[in-house]
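Novice: Dumping the structure here so I can ask a few things about it.
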Amino acid sequence: MVAEAKKREIKEAHKRKKIMKERFKQEENIASAMVIWINEILPNWEVMRSTRRVRELWWQGLPPSVRGKVWSLAVGNELNITPELYEIFLSRAKERWKSFSETSSENDTEGNAGVSVADREASLELIKLDISRTFPSLYIFQKGGPYHDVLHSILGAYTCYRPDVGYVQGMSFIAAVLILNLEEADAFIAFANLLNKPCQLAFFRVDHSMMLKYFATFEVFFEENLSKLFLHFKSYSLTPDIYLIDWIFTLYSKSLPLDLACRVWDVFCRDGEEFLFRTGLGILRLYEDILLQMDFIHIAQFLTKLPEDITSEKLFSCIAAIQMQNSTKKWTQVFASVMKDIKEGDKNNSPALKS
């Protein structure tokens with residue numbers, strides 16, 4: 001017994017030593033990459049961003065110290081939002097919060113404004129509720145936490161800036177990730193521009209027609225890369241909306257460990273919407289053997305709450321193995337074909353469209 005205990009102790013010691021060695025190597029790599037990003041890449045951003053060397057370095061994950069800056073540059077600011085504009089919409093949001101009780105009481109006597117007031121109230125209440133659900137284990141976004149008010153401000157300002165979109169569940173996670181990596185005004189600028197991208201706009205506006213086109217395109221690559229699992233899902237009529245919606249709405253920040261979600265964001269900022277769907281296929285590839293043994297209910301439950309021990313090495317290895325090319329067509333070409341087919345009324349190419 002003593003000998004066995006000693007063996008276990010030696011084994012555990014070796015394991016700890018190996019983990020420490022890997023961690024030290026990782027920290028060295030991050031420090032080395034940080035120097036390259038700060039001294040070489042960022043000062044020459046427009047020239048270097050698309051070079052093979054930078055793209056390879058980018059794939060390995062951005063150093064936390066430059067992550068926010070690189071995200072901002074990659075997302076861009078097509079909307080031309082300034083910190084001053086953010087302050088204007090934040091002021092409007094604060095005015096709405098302040099006058100809310102008055103507006104509600106006026107609504108008791110003025111029936112005409114009932115619907116809009118109720119909608120505003122629902123939106124503001126939803127923001128309040130969702131903030132407490134955002135990364136609850138971190139506590140920093142909970143009431144009294146250092147980032148609670150900042151998150152509330154950004155989401156409130158956005159509902160004033162884009163009343164056509166308003167607040168949708170899932171937005172709080174995206175805003176929170178940006179807050180962790182950027183200053184308040186910069187986080188709002190990146191948030192508004194990110195949500196203005198075609199894919200995010202389609203999902204957050206709940207544009208069913210566009211969402212179905214994304215699902216149909218996803219299924220083309222699903223069948224191409226994971227044909228066995230694709231047929232398994234099809235046999236249960238398990239369509240992409242069942243698991244993809246939650247992943248896309250929060251850009252994986254709710255579904256994956258935060259550090260891993262940030263790595264997904266790194267490459268998403270580099271490659272655009274295509275990488276969101278490639279990541280989804282990477283997850284399915286990683287757990288393919290397990291999913292093939294499950295029925296509809298268990299697959300849906302599993303994909304809704306992924307294992308917490310998922311590692312970046314394993315996931316990114318699976319993502320790298322996913323080919324985003326169907327025959328001779330890339331993602332954008334397949335998506336364009338799906339758009340064309342659907343416009344012409346041909347809805348027979350995808351189980352998602354049929355459902």
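In the structure tokens, chains take the letters A, B, ... in the order shown, each chain's residues start at 1, and ligands count up from 1 in the order shown.
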Find the spatial neighbours of segment 185-191 of chain A, counting only C-alpha atoms, within a cut-off of 12 Å - ignore same-chain residues fewer than 2 positions away - and output them as a PDB file with N, CA and C atoms, in the first residue's frame.
Specialist:
ATOM      1  N   GLY A  68      -7.712  43.662 -27.355  1.00  0.00           N
ATOM      2  CA  GLY A  68      -8.739  44.682 -27.580  1.00  0.00           C
ATOM      3  C   GLY A  68      -8.403  45.591 -28.751  1.00  0.00           C
ATOM      4  N   LYS A  69      -7.144  46.003 -28.841  1.00  0.00           N
ATOM      5  CA  LYS A  69      -6.700  46.893 -29.917  1.00  0.00           C
ATOM      6  C   LYS A  69      -6.849  46.214 -31.276  1.00  0.00           C
ATOM      7  N   VAL A  70      -6.438  44.946 -31.353  1.00  0.00           N
ATOM      8  CA  VAL A  70      -6.518  44.207 -32.617  1.00  0.00           C
ATOM      9  C   VAL A  70      -7.980  43.975 -33.003  1.00  0.00           C
ATOM     10  N   TRP A  71      -8.811  43.625 -32.027  1.00  0.00           N
ATOM     11  CA  TRP A  71     -10.238  43.448 -32.304  1.00  0.00           C
ATOM     12  C   TRP A  71     -10.841  44.726 -32.891  1.00  0.00           C
ATOM     13  N   SER A  72     -10.528  45.851 -32.263  1.00  0.00           N
ATOM     14  CA  SER A  72     -11.066  47.142 -32.727  1.00  0.00           C
ATOM     15  C   SER A  72     -10.657  47.433 -34.165  1.00  0.00           C
ATOM     16  N   LEU A  73      -9.382  47.206 -34.451  1.00  0.00           N
ATOM     17  CA  LEU A  73      -8.877  47.456 -35.804  1.00  0.00           C
ATOM     18  C   LEU A  73      -9.503  46.506 -36.815  1.00  0.00           C
ATOM     19  N   ALA A  74      -9.649  45.245 -36.431  1.00  0.00           N
ATOM     20  CA  ALA A  74     -10.193  44.237 -37.348  1.00  0.00           C
ATOM     21  C   ALA A  74     -11.685  44.446 -37.600  1.00  0.00           C
ATOM     22  N   VAL A  75     -12.433  44.775 -36.555  1.00  0.00           N
ATOM     23  CA  VAL A  75     -13.879  45.017 -36.699  1.00  0.00           C
ATOM     24  C   VAL A  75     -14.125  46.304 -37.473  1.00  0.00           C
ATOM     25  N   GLY A  76     -13.279  47.308 -37.203  1.00  0.00           N
ATOM     26  CA  GLY A  76     -13.411  48.583 -37.903  1.00  0.00           C
ATOM     27  C   GLY A  76     -14.499  49.463 -37.313  1.00  0.00           C
ATOM     28  N   ASN A  77     -14.696  50.608 -37.947  1.00  0.00           N
ATOM     29  CA  ASN A  77     -15.714  51.558 -37.470  1.00  0.00           C
ATOM     30  C   ASN A  77     -16.422  52.175 -38.674  1.00  0.00           C
ATOM     31  N   GLU A  78     -17.075  51.312 -39.452  1.00  0.00           N
ATOM     32  CA  GLU A  78     -17.796  51.781 -40.639  1.00  0.00           C
ATOM     33  C   GLU A  78     -18.925  52.741 -40.270  1.00  0.00           C
ATOM     34  N   LEU A  79     -19.419  52.621 -39.053  1.00  0.00           N
ATOM     35  CA  LEU A  79     -20.523  53.478 -38.609  1.00  0.00           C
ATOM     36  C   LEU A  79     -20.046  54.868 -38.184  1.00  0.00           C
ATOM     37  N   ASN A  80     -18.714  55.041 -38.131  1.00  0.00           N
ATOM     38  CA  ASN A  80     -18.117  56.331 -37.746  1.00  0.00           C
ATOM     39  C   ASN A  80     -18.625  56.835 -36.387  1.00  0.00           C
ATOM     40  N   ILE A  81     -18.704  55.938 -35.434  1.00  0.00           N
ATOM     41  CA  ILE A  81     -19.147  56.315 -34.084  1.00  0.00           C
ATOM     42  C   ILE A  81     -17.960  56.902 -33.326  1.00  0.00           C
ATOM     43  N   THR A  82     -18.205  57.971 -32.617  1.00  0.00           N
ATOM     44  CA  THR A  82     -17.167  58.621 -31.811  1.00  0.00           C
ATOM     45  C   THR A  82     -17.504  58.461 -30.328  1.00  0.00           C
ATOM     46  N   PRO A  83     -16.529  58.651 -29.443  1.00  0.00           N
ATOM     47  CA  PRO A  83     -16.825  58.610 -28.002  1.00  0.00           C
ATOM     48  C   PRO A  83     -17.888  59.638 -27.623  1.00  0.00           C
ATOM     49  N   GLU A  84     -17.886  60.778 -28.335  1.00  0.00           N
ATOM     50  CA  GLU A  84     -18.876  61.822 -28.058  1.00  0.00           C
ATOM     51  C   GLU A  84     -20.286  61.338 -28.395  1.00  0.00           C
ATOM     52  N   LEU A  85     -20.406  60.610 -29.510  1.00  0.00           N
ATOM     53  CA  LEU A  85     -21.706  60.076 -29.909  1.00  0.00           C
ATOM     54  C   LEU A  85     -22.203  59.058 -28.873  1.00  0.00           C
ATOM     55  N   TYR A  86     -21.269  58.259 -28.366  1.00  0.00           N
ATOM     56  CA  TYR A  86     -21.633  57.307 -27.306  1.00  0.00           C
ATOM     57  C   TYR A  86     -22.196  58.046 -26.097  1.00  0.00           C
ATOM     58  N   GLU A  87     -21.546  59.133 -25.703  1.00  0.00           N
ATOM     59  CA  GLU A  87     -22.009  59.913 -24.548  1.00  0.00           C
ATOM     60  C   GLU A  87     -23.409  60.473 -24.781  1.00  0.00           C
ATOM     61  N   ILE A  88     -23.694  60.878 -26.016  1.00  0.00           N
ATOM     62  CA  ILE A  88     -25.024  61.416 -26.352  1.00  0.00           C
ATOM     63  C   ILE A  88     -26.096  60.341 -26.147  1.00  0.00           C
ATOM     64  N   PHE A  89     -25.844  59.154 -26.676  1.00  0.00           N
ATOM     65  CA  PHE A  89     -26.848  58.091 -26.555  1.00  0.00           C
ATOM     66  C   PHE A  89     -26.924  57.546 -25.136  1.00  0.00           C
ATOM     67  N   LEU A  90     -25.817  57.596 -24.414  1.00  0.00           N
ATOM     68  CA  LEU A  90     -25.835  57.195 -23.010  1.00  0.00           C
ATOM     69  C   LEU A  90     -26.680  58.173 -22.203  1.00  0.00           C
ATOM     70  N   VAL A 150     -21.090  49.707 -16.212  1.00  0.00           N
ATOM     71  CA  VAL A 150     -20.543  49.885 -17.561  1.00  0.00           C
ATOM     72  C   VAL A 150     -21.340  49.046 -18.557  1.00  0.00           C
ATOM     73  N   LEU A 151     -21.609  47.794 -18.191  1.00  0.00           N
ATOM     74  CA  LEU A 151     -22.396  46.905 -19.058  1.00  0.00           C
ATOM     75  C   LEU A 151     -23.802  47.454 -19.251  1.00  0.00           C
ATOM     76  N   HIS A 152     -24.389  47.927 -18.183  1.00  0.00           N
ATOM     77  CA  HIS A 152     -25.729  48.519 -18.237  1.00  0.00           C
ATOM     78  C   HIS A 152     -25.741  49.735 -19.157  1.00  0.00           C
ATOM     79  N   SER A 153     -24.699  50.546 -19.065  1.00  0.00           N
ATOM     80  CA  SER A 153     -24.606  51.770 -19.874  1.00  0.00           C
ATOM     81  C   SER A 153     -24.495  51.454 -21.357  1.00  0.00           C
ATOM     82  N   ILE A 154     -23.630  50.516 -21.706  1.00  0.00           N
ATOM     83  CA  ILE A 154     -23.415  50.181 -23.121  1.00  0.00           C
ATOM     84  C   ILE A 154     -24.682  49.592 -23.749  1.00  0.00           C
ATOM     85  N   LEU A 155     -25.340  48.701 -23.020  1.00  0.00           N
ATOM     86  CA  LEU A 155     -26.564  48.085 -23.550  1.00  0.00           C
ATOM     87  C   LEU A 155     -27.699  49.112 -23.653  1.00  0.00           C
ATOM     88  N   GLY A 156     -27.799  49.979 -22.651  1.00  0.00           N
ATOM     89  CA  GLY A 156     -28.831  51.019 -22.678  1.00  0.00           C
ATOM     90  C   GLY A 156     -28.603  52.011 -23.811  1.00  0.00           C
ATOM     91  N   ALA A 157     -27.339  52.410 -23.989  1.00  0.00           N
ATOM     92  CA  ALA A 157     -27.003  53.356 -25.059  1.00  0.00           C
ATOM     93  C   ALA A 157     -27.287  52.745 -26.426  1.00  0.00           C
ATOM     94  N   TYR A 158     -27.032  51.443 -26.556  1.00  0.00           N
ATOM     95  CA  TYR A 158     -27.259  50.784 -27.843  1.00  0.00           C
ATOM     96  C   TYR A 158     -28.743  50.756 -28.207  1.00  0.00           C
ATOM     97  N   THR A 159     -29.612  50.544 -27.218  1.00  0.00           N
ATOM     98  CA  THR A 159     -31.049  50.518 -27.513  1.00  0.00           C
ATOM     99  C   THR A 159     -31.537  51.882 -27.991  1.00  0.00           C
ATOM    100  N   TYR A 161     -29.379  54.018 -29.606  1.00  0.00           N
ATOM    101  CA  TYR A 161     -28.693  54.194 -30.884  1.00  0.00           C
ATOM    102  C   TYR A 161     -29.358  53.396 -32.000  1.00  0.00           C
ATOM    103  N   ARG A 162     -29.791  52.161 -31.687  1.00  0.00           N
ATOM    104  CA  ARG A 162     -30.431  51.305 -32.690  1.00  0.00           C
ATOM    105  C   ARG A 162     -31.794  50.819 -32.192  1.00  0.00           C
ATOM    106  N   MET A 171     -26.955  39.684 -26.265  1.00  0.00           N
ATOM    107  CA  MET A 171     -26.121  40.882 -26.453  1.00  0.00           C
ATOM    108  C   MET A 171     -25.242  41.169 -25.242  1.00  0.00           C
ATOM    109  N   SER A 172     -25.754  40.869 -24.051  1.00  0.00           N
ATOM    110  CA  SER A 172     -25.002  41.201 -22.832  1.00  0.00           C
ATOM    111  C   SER A 172     -23.669  40.464 -22.781  1.00  0.00           C
ATOM    112  N   PHE A 173     -23.634  39.228 -23.295  1.00  0.00           N
ATOM    113  CA  PHE A 173     -22.385  38.457 -23.295  1.00  0.00           C
ATOM    114  C   PHE A 173     -21.362  39.070 -24.254  1.00  0.00           C
ATOM    115  N   ILE A 174     -21.835  39.515 -25.421  1.00  0.00           N
ATOM    116  CA  ILE A 174     -20.926  40.137 -26.397  1.00  0.00           C
ATOM    117  C   ILE A 174     -20.350  41.434 -25.829  1.00  0.00           C
ATOM    118  N   ALA A 175     -21.232  42.262 -25.260  1.00  0.00           N
ATOM    119  CA  ALA A 175     -20.778  43.528 -24.669  1.00  0.00           C
ATOM    120  C   ALA A 175     -19.809  43.277 -23.516  1.00  0.00           C
ATOM    121  N   ALA A 176     -20.087  42.250 -22.714  1.00  0.00           N
ATOM    122  CA  ALA A 176     -19.230  41.945 -21.555  1.00  0.00           C
ATOM    123  C   ALA A 176     -17.820  41.555 -21.987  1.00  0.00           C
ATOM    124  N   VAL A 177     -17.721  40.723 -23.030  1.00  0.00           N
ATOM    125  CA  VAL A 177     -16.394  40.306 -23.523  1.00  0.00           C
ATOM    126  C   VAL A 177     -15.620  41.528 -24.009  1.00  0.00           C
ATOM    127  N   LEU A 178     -16.294  42.440 -24.684  1.00  0.00           N
ATOM    128  CA  LEU A 178     -15.629  43.650 -25.172  1.00  0.00           C
ATOM    129  C   LEU A 178     -15.186  44.547 -24.015  1.00  0.00           C
ATOM    130  N   ILE A 179     -16.022  44.645 -22.982  1.00  0.00           N
ATOM    131  CA  ILE A 179     -15.689  45.461 -21.810  1.00  0.00           C
ATOM    132  C   ILE A 179     -14.430  44.935 -21.117  1.00  0.00           C
ATOM    133  N   LEU A 180     -14.267  43.622 -21.122  1.00  0.00           N
ATOM    134  CA  LEU A 180     -13.089  43.012 -20.489  1.00  0.00           C
ATOM    135  C   LEU A 180     -11.796  43.308 -21.245  1.00  0.00           C
ATOM    136  N   ASN A 181     -11.929  43.755 -22.491  1.00  0.00           N
ATOM    137  CA  ASN A 181     -10.738  43.964 -23.324  1.00  0.00           C
ATOM    138  C   ASN A 181     -10.556  45.398 -23.825  1.00  0.00           C
ATOM    139  N   LEU A 182     -11.560  46.257 -23.607  1.00  0.00           N
ATOM    140  CA  LEU A 182     -11.498  47.625 -24.133  1.00  0.00           C
ATOM    141  C   LEU A 182     -12.034  48.639 -23.128  1.00  0.00           C
ATOM    142  N   GLU A 183     -11.651  49.887 -23.322  1.00  0.00           N
ATOM    143  CA  GLU A 183     -12.227  50.966 -22.533  1.00  0.00           C
ATOM    144  C   GLU A 183     -13.695  51.130 -22.924  1.00  0.00           C
ATOM    145  N   ASN A 193     -20.538  48.252 -34.123  1.00  0.00           N
ATOM    146  CA  ASN A 193     -20.053  47.844 -35.448  1.00  0.00           C
ATOM    147  C   ASN A 193     -20.129  46.333 -35.642  1.00  0.00           C
ATOM    148  N   LEU A 194     -19.866  45.596 -34.583  1.00  0.00           N
ATOM    149  CA  LEU A 194     -19.931  44.137 -34.644  1.00  0.00           C
ATOM    150  C   LEU A 194     -21.357  43.677 -34.925  1.00  0.00           C
ATOM    151  N   LEU A 195     -22.317  44.293 -34.237  1.00  0.00           N
ATOM    152  CA  LEU A 195     -23.717  43.932 -34.410  1.00  0.00           C
ATOM    153  C   LEU A 195     -24.292  44.435 -35.727  1.00  0.00           C
ATOM    154  N   ASN A 196     -23.529  45.270 -36.417  1.00  0.00           N
ATOM    155  CA  ASN A 196     -23.973  45.781 -37.711  1.00  0.00           C
ATOM    156  C   ASN A 196     -23.510  44.901 -38.878  1.00  0.00           C
ATOM    157  N   LYS A 197     -22.708  43.872 -38.574  1.00  0.00           N
ATOM    158  CA  LYS A 197     -22.271  42.944 -39.612  1.00  0.00           C
ATOM    159  C   LYS A 197     -23.491  42.135 -40.090  1.00  0.00           C
ATOM    160  N   GLN A 200     -24.698  39.065 -37.851  1.00  0.00           N
ATOM    161  CA  GLN A 200     -25.221  39.463 -36.541  1.00  0.00           C
ATOM    162  C   GLN A 200     -26.534  40.225 -36.681  1.00  0.00           C
ATOM    163  N   LEU A 201     -26.616  41.082 -37.687  1.00  0.00           N
ATOM    164  CA  LEU A 201     -27.832  41.858 -37.909  1.00  0.00           C
ATOM    165  C   LEU A 201     -29.004  40.935 -38.226  1.00  0.00           C
ATOM    166  N   CYS A 269     -12.600  37.746 -35.729  1.00  0.00           N
ATOM    167  CA  CYS A 269     -12.286  39.131 -36.136  1.00  0.00           C
ATOM    168  C   CYS A 269     -11.400  39.151 -37.381  1.00  0.00           C
TER     169      CYS A 269
END
Novice: So which bits of segment 27-174 of chain A end up helix (DSSP H, G or I) when you DSSP the backbone, as JSON, numbers by chain?
Specialist: {"A": [27, 28, 29, 30, 31, 32, 33, 34, 35, 36, 37, 38, 39, 40, 41, 42, 43, 44, 45, 46, 47, 48, 52, 53, 54, 55, 56, 57, 58, 59, 64, 65, 66, 67, 68, 69, 70, 71, 72, 73, 74, 75, 83, 84, 85, 86, 87, 88, 89, 90, 91, 92, 93, 94, 95, 96, 97, 98, 100, 101, 102, 103, 104, 105, 106, 107, 111, 112, 113, 114, 115, 116, 117, 118, 119, 120, 121, 122, 123, 124, 125, 126, 127, 128, 129, 130, 131, 132, 133, 148, 149, 150, 151, 152, 153, 154, 155, 156, 157, 158, 159, 160, 161, 171, 172, 173, 174]}
Novice: Could you give me, as a list in words, the residues within 9 Å of segment 58-64 of chain A, counting only C-alpha atoms and dropping anything in the same chain fewer than 5 positions from it?
Specialist: Ile30, Ala31, Ala33, Met34, Trp37, Arg53, Val70, Asn181, Cys262, Arg263, Val264, Asp266, Val267 and Arg270 of chain A
Novice: Restricting the calculation to only C-alpha atoms: of A:Lys305, A:Ile299, A:Ser65, A:Asp271, which residue gets closest to Ser50 of chain A?
Specialist: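 Between A:Lys305, A:Ile299, A:Ser65, A:Asp271, the residue approaching Ser50 of chain A most closely is A:Asp271.
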Novice: For Phe268 of chain A, which residue out of A:Leu256, A:Ile242, A:Val35, A:Ile248 is the nearest one, using only C-alpha atoms?
Specialist: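 Counting only C-alpha atoms, the residue closest to Phe268 of chain A is A:Ile248.
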Novice: Can you work out the spacing between atom CA of Cys199 of chain A and atom CA of Ala336 of chain A in Å, to one decimal?
Specialist: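 Atom-to-atom, atom CA of Cys199 of chain A and atom CA of Ala336 of chain A are spaced 13.5 Å apart.
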Novice: Show me, as an MDAnalysis selection string, the residues that have an atom within 8 Å of Lys254 of chain A when counting only C-alpha atoms, minus same-chain residues fewer than 4 positions from it.
Specialist: chainID A and resid 135 173 247 250 258
Novice: So how far away is atom CA of Ser337 of chain A from atom CA of Leu251 of chain A, in Å?
Specialist: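 A separation of 25.0 Å between them.
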Novice: Counting only C-alpha atoms, which of A:Leu229, A:Ile36, A:Ile245, A:Val66 gets nearest to Tyr287 of chain A?
Specialist: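 Ranking A:Leu229, A:Ile36, A:Ile245, A:Val66 by distance to Tyr287 of chain A, first place goes to A:Leu229.
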